[in-house]
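The next block holds one structure in the form of structure tokens; read it before the comments.
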Amino acid sequence: MSMNRPASRRAQAGVSLISTLIIGCLLAFVLFIGFRCIPVFNEYFALQRVVRVVAAEATAGATPSDVRRSFERFAYTDDIVSVRGSDLRITRTGGVAVVETAYERKVPIAGNVSLLFEFYVSSSR
């Protein structure tokens with residue numbers, strides 16, 4: 001006759017309920033931060049594309065105000081709200097227009113906790 005003995009603690013393996021809750025909360029926090037940051041990076045990549053297109057369209061006769069106006073049209077359709085046409089620095093080097101800007105984007109997380117992103121976009125890179 002064999003007795004059913006409980007397995008020793010060393011033989012038991014697995015994750016407890018508390019560990020599962022802690023891991024779930026950490027995962028939820030990381031996903032929350034990620035979802036808050038996705039629009040910031042989408043805007044950054046759209047801004048990179050628009051700055052390159054605007055600089056490529058700037059012909060020798062285009063004035064800086066024409067370039068800014070063109071940027072405003074693209075920014076409106078691509079939902080770029082952090083940078084306006086007046087924020088652009090437009091220079092000519094060797095007959096090629098270089099359009100660049102630097103900006104910051106603040107993402108509120110909770111209460112007085114925020115993430116600050118600093119971006120620099122240039123058509124020459």
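A note on labels: chains of the structure tokens are A, B, ... as shown, every chain counts residues from 1, and ligands are counted from 1 in their shown order.
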- Please run DSSP on the backbone and report, as a ChimeraX atom specification, all residues within stretch 23-115 of chain A that come out as helix (DSSP H, G or I). /A:23-57,64-77,85-87
- Task: Pick out the residues sitting within 10 Å of stretch 34-37 of chain A, and hand them over as a VMD selection string; count only C-alpha atoms, and ignore anything fewer than 2 positions along from it in its own chain.
- Result: chain A and resid 28 to 32 39 to 42 106 to 109 115 117
Store the residues of this selection in a file with all heavy atoms, as a CSV table (one decimal), in the first residue's frame.
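So the final result, stored in result_36.csv, reads:
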chain,number,residue,atom,x,y,z
A,28,ALA,N,1.3,45.4,-18.8
A,28,ALA,CA,0.3,46.5,-19.1
A,28,ALA,C,0.9,47.9,-19.0
A,28,ALA,O,0.6,48.7,-19.9
A,28,ALA,CB,-0.8,46.4,-18.1
A,29,PHE,N,1.8,48.1,-18.1
A,29,PHE,CA,2.5,49.4,-18.0
A,29,PHE,C,3.4,49.7,-19.2
A,29,PHE,O,3.4,50.8,-19.8
A,29,PHE,CB,3.3,49.5,-16.7
A,29,PHE,CG,4.0,50.8,-16.6
A,29,PHE,CD1,3.3,52.0,-16.3
A,29,PHE,CD2,5.4,50.9,-16.8
A,29,PHE,CE1,4.0,53.2,-16.2
A,29,PHE,CE2,6.1,52.1,-16.6
A,29,PHE,CZ,5.4,53.3,-16.3
A,30,VAL,N,4.1,48.7,-19.7
A,30,VAL,CA,5.0,48.8,-20.8
A,30,VAL,C,4.2,49.0,-22.1
A,30,VAL,O,4.5,49.9,-22.9
A,30,VAL,CB,5.9,47.6,-21.0
A,30,VAL,CG1,6.6,47.5,-22.3
A,30,VAL,CG2,6.9,47.5,-19.9
A,31,LEU,N,3.1,48.3,-22.2
A,31,LEU,CA,2.2,48.5,-23.4
A,31,LEU,C,1.5,49.9,-23.3
A,31,LEU,O,1.4,50.6,-24.4
A,31,LEU,CB,1.1,47.4,-23.4
A,31,LEU,CG,1.5,46.1,-23.8
A,31,LEU,CD1,0.4,45.0,-23.6
A,31,LEU,CD2,2.0,46.1,-25.3
A,32,PHE,N,1.2,50.4,-22.2
A,32,PHE,CA,0.6,51.7,-22.0
A,32,PHE,C,1.6,52.8,-22.5
A,32,PHE,O,1.2,53.7,-23.3
A,32,PHE,CB,0.2,52.0,-20.6
A,32,PHE,CG,-0.3,53.4,-20.3
A,32,PHE,CD1,-1.5,53.8,-20.7
A,32,PHE,CD2,0.5,54.2,-19.6
A,32,PHE,CE1,-2.0,55.1,-20.4
A,32,PHE,CE2,0.1,55.5,-19.3
A,32,PHE,CZ,-1.1,55.9,-19.8
A,39,PRO,N,2.2,57.5,-31.5
A,39,PRO,CA,1.8,58.7,-32.4
A,39,PRO,C,3.0,59.7,-32.5
A,39,PRO,O,3.2,60.4,-33.5
A,39,PRO,CB,0.7,59.4,-31.6
A,39,PRO,CG,0.1,58.3,-30.8
A,39,PRO,CD,1.2,57.4,-30.4
A,40,VAL,N,3.8,59.8,-31.5
A,40,VAL,CA,5.0,60.7,-31.5
A,40,VAL,C,6.0,60.3,-32.6
A,40,VAL,O,6.4,61.1,-33.4
A,40,VAL,CB,5.7,60.7,-30.2
A,40,VAL,CG1,7.0,61.5,-30.2
A,40,VAL,CG2,4.8,61.3,-29.1
A,41,PHE,N,6.2,59.0,-32.7
A,41,PHE,CA,7.2,58.5,-33.7
A,41,PHE,C,6.5,58.5,-35.1
A,41,PHE,O,7.2,58.7,-36.1
A,41,PHE,CB,7.7,57.1,-33.3
A,41,PHE,CG,8.7,57.2,-32.2
A,41,PHE,CD1,8.3,56.7,-30.9
A,41,PHE,CD2,9.9,57.7,-32.4
A,41,PHE,CE1,9.2,56.8,-29.9
A,41,PHE,CE2,10.8,57.8,-31.3
A,41,PHE,CZ,10.5,57.3,-30.1
A,42,ASN,N,5.2,58.2,-35.2
A,42,ASN,CA,4.6,58.3,-36.5
A,42,ASN,C,4.7,59.7,-37.0
A,42,ASN,O,4.9,59.9,-38.2
A,42,ASN,CB,3.1,58.0,-36.4
A,42,ASN,CG,2.9,56.5,-36.4
A,42,ASN,OD1,3.7,55.7,-36.7
A,42,ASN,ND2,1.7,56.1,-35.9
A,106,LYS,N,6.3,66.6,-25.8
A,106,LYS,CA,6.0,66.1,-24.4
A,106,LYS,C,4.8,65.2,-24.4
A,106,LYS,O,3.7,65.6,-24.9
A,106,LYS,CB,5.8,67.3,-23.5
A,106,LYS,CG,5.8,67.1,-22.1
A,106,LYS,CD,5.7,68.4,-21.4
A,106,LYS,CE,5.5,68.3,-19.9
A,106,LYS,NZ,5.3,69.6,-19.3
A,107,VAL,N,5.0,64.0,-23.8
A,107,VAL,CA,3.9,63.0,-23.7
A,107,VAL,C,3.5,62.8,-22.3
A,107,VAL,O,4.3,62.3,-21.5
A,107,VAL,CB,4.3,61.7,-24.4
A,107,VAL,CG1,3.2,60.7,-24.2
A,107,VAL,CG2,4.7,61.9,-25.8
A,108,PRO,N,2.3,63.3,-21.9
A,108,PRO,CA,2.0,63.1,-20.5
A,108,PRO,C,1.6,61.6,-20.2
A,108,PRO,O,1.0,60.9,-21.0
A,108,PRO,CB,0.7,63.9,-20.3
A,108,PRO,CG,0.2,64.1,-21.7
A,108,PRO,CD,1.4,64.0,-22.6
A,109,ILE,N,2.1,61.1,-19.1
A,109,ILE,CA,1.9,59.7,-18.7
A,109,ILE,C,0.8,59.6,-17.6
A,109,ILE,O,-0.2,59.0,-17.8
A,109,ILE,CB,3.2,59.0,-18.2
A,109,ILE,CG1,4.3,59.1,-19.3
A,109,ILE,CG2,3.0,57.6,-17.8
A,109,ILE,CD1,3.9,58.3,-20.6
A,115,LEU,N,7.0,62.1,-20.6
A,115,LEU,CA,8.2,61.8,-21.3
A,115,LEU,C,8.4,62.9,-22.3
A,115,LEU,O,7.5,63.5,-22.9
A,115,LEU,CB,7.9,60.5,-22.2
A,115,LEU,CG,7.8,59.2,-21.4
A,115,LEU,CD1,7.4,58.1,-22.4
A,115,LEU,CD2,9.0,58.9,-20.7
A,117,PHE,N,10.5,64.0,-25.7
A,117,PHE,CA,11.3,63.6,-26.8
A,117,PHE,C,11.8,64.8,-27.5
A,117,PHE,O,11.1,65.8,-27.8
A,117,PHE,CB,10.3,62.8,-27.8
A,117,PHE,CG,9.8,61.5,-27.3
A,117,PHE,CD1,8.6,61.5,-26.7
A,117,PHE,CD2,10.6,60.4,-27.4
A,117,PHE,CE1,8.1,60.3,-26.2
A,117,PHE,CE2,10.1,59.2,-26.9
A,117,PHE,CZ,8.9,59.1,-26.3
- Quick one: residues within 9 Å of A:Ser124, only C-alpha atoms counted, chain neighbours fewer than 2 positions away excluded, as an NGL selection string? :A and (52 or 55 or 97-100 or 121-122)
Kindly export the residues of the current selection with N, CA, C and O atoms, as an mmCIF file, in the first residue's frame.
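What landed in again07.cif:
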data_model
loop_
_atom_site.group_PDB
_atom_site.id
_atom_site.type_symbol
_atom_site.label_atom_id
_atom_site.label_comp_id
_atom_site.auth_asym_id
_atom_site.auth_seq_id
_atom_site.Cartn_x
_atom_site.Cartn_y
_atom_site.Cartn_z
ATOM 1 N N ARG A 52 11.981 66.016 -46.604
ATOM 2 C CA ARG A 52 12.742 65.581 -47.779
ATOM 3 C C ARG A 52 12.015 65.927 -49.076
ATOM 4 O O ARG A 52 12.621 66.380 -50.051
ATOM 5 N N ALA A 55 12.134 69.747 -49.641
ATOM 6 C CA ALA A 55 13.470 70.178 -50.064
ATOM 7 C C ALA A 55 13.746 69.760 -51.505
ATOM 8 O O ALA A 55 14.379 70.501 -52.256
ATOM 9 N N ALA A 97 18.547 73.104 -51.752
ATOM 10 C CA ALA A 97 17.857 73.598 -50.560
ATOM 11 C C ALA A 97 17.987 72.587 -49.432
ATOM 12 O O ALA A 97 17.794 71.385 -49.624
ATOM 13 N N VAL A 98 18.348 73.083 -48.255
ATOM 14 C CA VAL A 98 18.421 72.252 -47.051
ATOM 15 C C VAL A 98 17.366 72.769 -46.088
ATOM 16 O O VAL A 98 17.401 73.932 -45.686
ATOM 17 N N VAL A 99 16.437 71.907 -45.749
ATOM 18 C CA VAL A 99 15.355 72.255 -44.834
ATOM 19 C C VAL A 99 15.585 71.464 -43.556
ATOM 20 O O VAL A 99 15.772 70.248 -43.593
ATOM 21 N N GLU A 100 15.567 72.160 -42.413
ATOM 22 C CA GLU A 100 15.792 71.476 -41.143
ATOM 23 C C GLU A 100 14.989 72.131 -40.039
ATOM 24 O O GLU A 100 14.593 73.297 -40.140
ATOM 25 N N VAL A 121 15.258 67.119 -37.430
ATOM 26 C CA VAL A 121 14.963 66.607 -38.767
ATOM 27 C C VAL A 121 15.658 67.507 -39.784
ATOM 28 O O VAL A 121 15.559 68.729 -39.686
ATOM 29 N N SER A 122 16.323 66.889 -40.740
ATOM 30 C CA SER A 122 17.017 67.651 -41.777
ATOM 31 C C SER A 122 16.884 66.910 -43.100
ATOM 32 O O SER A 122 16.890 65.678 -43.133
#
- Message: Using only C-alpha atoms, can you tell me which of A:Ser86, A:Thr77, A:Thr59, A:Gln48 comes closest to A:Phe119?
- Response: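 That would be A:Gln48, the residue with the smallest distance to A:Phe119.
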- Message: Between A:Ser114, A:Leu88, A:Leu17, A:Gly94, which residue has the minimum interatomic distance to A:Phe71, considering only C-alpha atoms?
- Response: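 Closest candidate: A:Leu88.
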- Message: I'd like the neighbourhood of A:Gly85 as number ranges by chain, where a residue qualifies if any of its atoms comes within 10 Å (using only C-alpha atoms), though same-chain residues fewer than 3 positions away should be ignored.
- Response: A: 64-73, 75, 88-89, 101
Residues as selected, N, CA, C and O atoms, written as a PDB file, in the first residue's frame, can you do that?
ATOM      1  N   PRO A  64      11.944  81.035 -49.672  1.00  0.00           N
ATOM      2  CA  PRO A  64      11.653  80.343 -48.413  1.00  0.00           C
ATOM      3  C   PRO A  64      10.162  80.347 -48.059  1.00  0.00           C
ATOM      4  O   PRO A  64       9.650  79.373 -47.510  1.00  0.00           O
ATOM      5  N   SER A  65       9.453  81.406 -48.410  1.00  0.00           N
ATOM      6  CA  SER A  65       8.010  81.428 -48.118  1.00  0.00           C
ATOM      7  C   SER A  65       7.263  80.400 -48.970  1.00  0.00           C
ATOM      8  O   SER A  65       6.281  79.809 -48.509  1.00  0.00           O
ATOM      9  N   ASP A  66       7.717  80.172 -50.214  1.00  0.00           N
ATOM     10  CA  ASP A  66       7.109  79.127 -51.044  1.00  0.00           C
ATOM     11  C   ASP A  66       7.344  77.748 -50.426  1.00  0.00           C
ATOM     12  O   ASP A  66       6.445  76.905 -50.418  1.00  0.00           O
ATOM     13  N   VAL A  67       8.534  77.530 -49.921  1.00  0.00           N
ATOM     14  CA  VAL A  67       8.864  76.240 -49.287  1.00  0.00           C
ATOM     15  C   VAL A  67       8.023  76.052 -48.029  1.00  0.00           C
ATOM     16  O   VAL A  67       7.487  74.966 -47.788  1.00  0.00           O
ATOM     17  N   ARG A  68       7.870  77.109 -47.254  1.00  0.00           N
ATOM     18  CA  ARG A  68       7.059  77.016 -46.033  1.00  0.00           C
ATOM     19  C   ARG A  68       5.595  76.738 -46.366  1.00  0.00           C
ATOM     20  O   ARG A  68       4.938  75.957 -45.696  1.00  0.00           O
ATOM     21  N   ARG A  69       5.085  77.389 -47.403  1.00  0.00           N
ATOM     22  CA  ARG A  69       3.703  77.155 -47.826  1.00  0.00           C
ATOM     23  C   ARG A  69       3.504  75.710 -48.280  1.00  0.00           C
ATOM     24  O   ARG A  69       2.504  75.061 -47.944  1.00  0.00           O
ATOM     25  N   SER A  70       4.462  75.198 -49.029  1.00  0.00           N
ATOM     26  CA  SER A  70       4.403  73.812 -49.472  1.00  0.00           C
ATOM     27  C   SER A  70       4.436  72.861 -48.274  1.00  0.00           C
ATOM     28  O   SER A  70       3.700  71.879 -48.224  1.00  0.00           O
ATOM     29  N   PHE A  71       5.282  73.186 -47.300  1.00  0.00           N
ATOM     30  CA  PHE A  71       5.347  72.361 -46.092  1.00  0.00           C
ATOM     31  C   PHE A  71       4.014  72.359 -45.356  1.00  0.00           C
ATOM     32  O   PHE A  71       3.559  71.318 -44.883  1.00  0.00           O
ATOM     33  N   GLU A  72       3.389  73.524 -45.243  1.00  0.00           N
ATOM     34  CA  GLU A  72       2.105  73.621 -44.544  1.00  0.00           C
ATOM     35  C   GLU A  72       1.045  72.730 -45.198  1.00  0.00           C
ATOM     36  O   GLU A  72       0.245  72.104 -44.503  1.00  0.00           O
ATOM     37  N   ARG A  73       1.034  72.672 -46.523  1.00  0.00           N
ATOM     38  CA  ARG A  73       0.065  71.810 -47.214  1.00  0.00           C
ATOM     39  C   ARG A  73       0.311  70.342 -46.887  1.00  0.00           C
ATOM     40  O   ARG A  73      -0.619  69.599 -46.589  1.00  0.00           O
ATOM     41  N   ALA A  75       1.945  69.179 -44.266  1.00  0.00           N
ATOM     42  CA  ALA A  75       1.750  68.976 -42.831  1.00  0.00           C
ATOM     43  C   ALA A  75       0.271  68.827 -42.495  1.00  0.00           C
ATOM     44  O   ALA A  75      -0.096  68.046 -41.614  1.00  0.00           O
ATOM     45  N   LEU A  88      10.691  76.157 -39.669  1.00  0.00           N
ATOM     46  CA  LEU A  88      11.704  75.575 -40.551  1.00  0.00           C
ATOM     47  C   LEU A  88      12.860  76.541 -40.770  1.00  0.00           C
ATOM     48  O   LEU A  88      12.664  77.744 -40.904  1.00  0.00           O
ATOM     49  N   ARG A  89      14.072  75.984 -40.821  1.00  0.00           N
ATOM     50  CA  ARG A  89      15.266  76.742 -41.227  1.00  0.00           C
ATOM     51  C   ARG A  89      15.596  76.291 -42.638  1.00  0.00           C
ATOM     52  O   ARG A  89      15.869  75.108 -42.870  1.00  0.00           O
ATOM     53  N   THR A 101      14.739  71.360 -39.000  1.00  0.00           N
ATOM     54  CA  THR A 101      14.031  71.863 -37.837  1.00  0.00           C
ATOM     55  C   THR A 101      14.366  70.989 -36.637  1.00  0.00           C
ATOM     56  O   THR A 101      14.732  69.819 -36.797  1.00  0.00           O
TER      57      THR A 101
END
- Task: Report the residues of chain A whose backbone DSSP state falls under strand (DSSP E), written as JSON, numbers by chain.
- Result: {"A": [89, 90, 91, 92, 93, 96, 97, 98, 99, 100, 101, 102, 103, 104, 105, 106, 107, 108, 109, 110, 113, 114, 115, 116, 117, 118, 119, 120, 121, 122]}
- Interatomic distance (Å, one decimal) between atom CA of A:Ile90 and atom CA of A:Val53: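 Calculated distance between atom CA of A:Ile90 and atom CA of A:Val53 is 13.5 Å.
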- Message: Please list as a PyMOL selection string every residue within 10 Å of A:Ser82, counting only C-alpha atoms and excluding residues in the same chain fewer than 2 positions away.
- Response: chain A and resi 40+43-44+47+75+79-80+84+87+103-105
Next, write the just-selected residues to a file, as a PDB file, in the first residue's frame, keeping C-alpha atoms as the atom set.
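again37.pdb was written with the following content:
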ATOM      1  CA  VAL A  40       4.995  60.696 -31.528  1.00  0.00           C
ATOM      2  CA  GLU A  43       4.631  62.131 -36.607  1.00  0.00           C
ATOM      3  CA  TYR A  44       8.457  62.141 -36.600  1.00  0.00           C
ATOM      4  CA  LEU A  47       7.927  64.913 -40.776  1.00  0.00           C
ATOM      5  CA  ALA A  75       1.750  68.976 -42.831  1.00  0.00           C
ATOM      6  CA  ASP A  79      -1.419  65.553 -39.449  1.00  0.00           C
ATOM      7  CA  ILE A  80       1.855  67.129 -38.330  1.00  0.00           C
ATOM      8  CA  ARG A  84       4.793  74.767 -38.445  1.00  0.00           C
ATOM      9  CA  ASP A  87       9.721  76.717 -37.509  1.00  0.00           C
ATOM     10  CA  TYR A 103      11.477  70.353 -31.880  1.00  0.00           C
ATOM     11  CA  GLU A 104      10.384  68.771 -28.624  1.00  0.00           C
ATOM     12  CA  ARG A 105       7.317  66.689 -27.936  1.00  0.00           C
TER      13      ARG A 105
END
- Item | Å distance separating atom CA of A:Gly61 from atom CA of A:Phe74, one decimal place |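 Calculated distance between atom CA of A:Gly61 and atom CA of A:Phe74 is 20.0 Å.
Rounded to one decimal, atom CA of A:Ile18 and atom CA of A:Ala110 lie 24.6 Å from each other.
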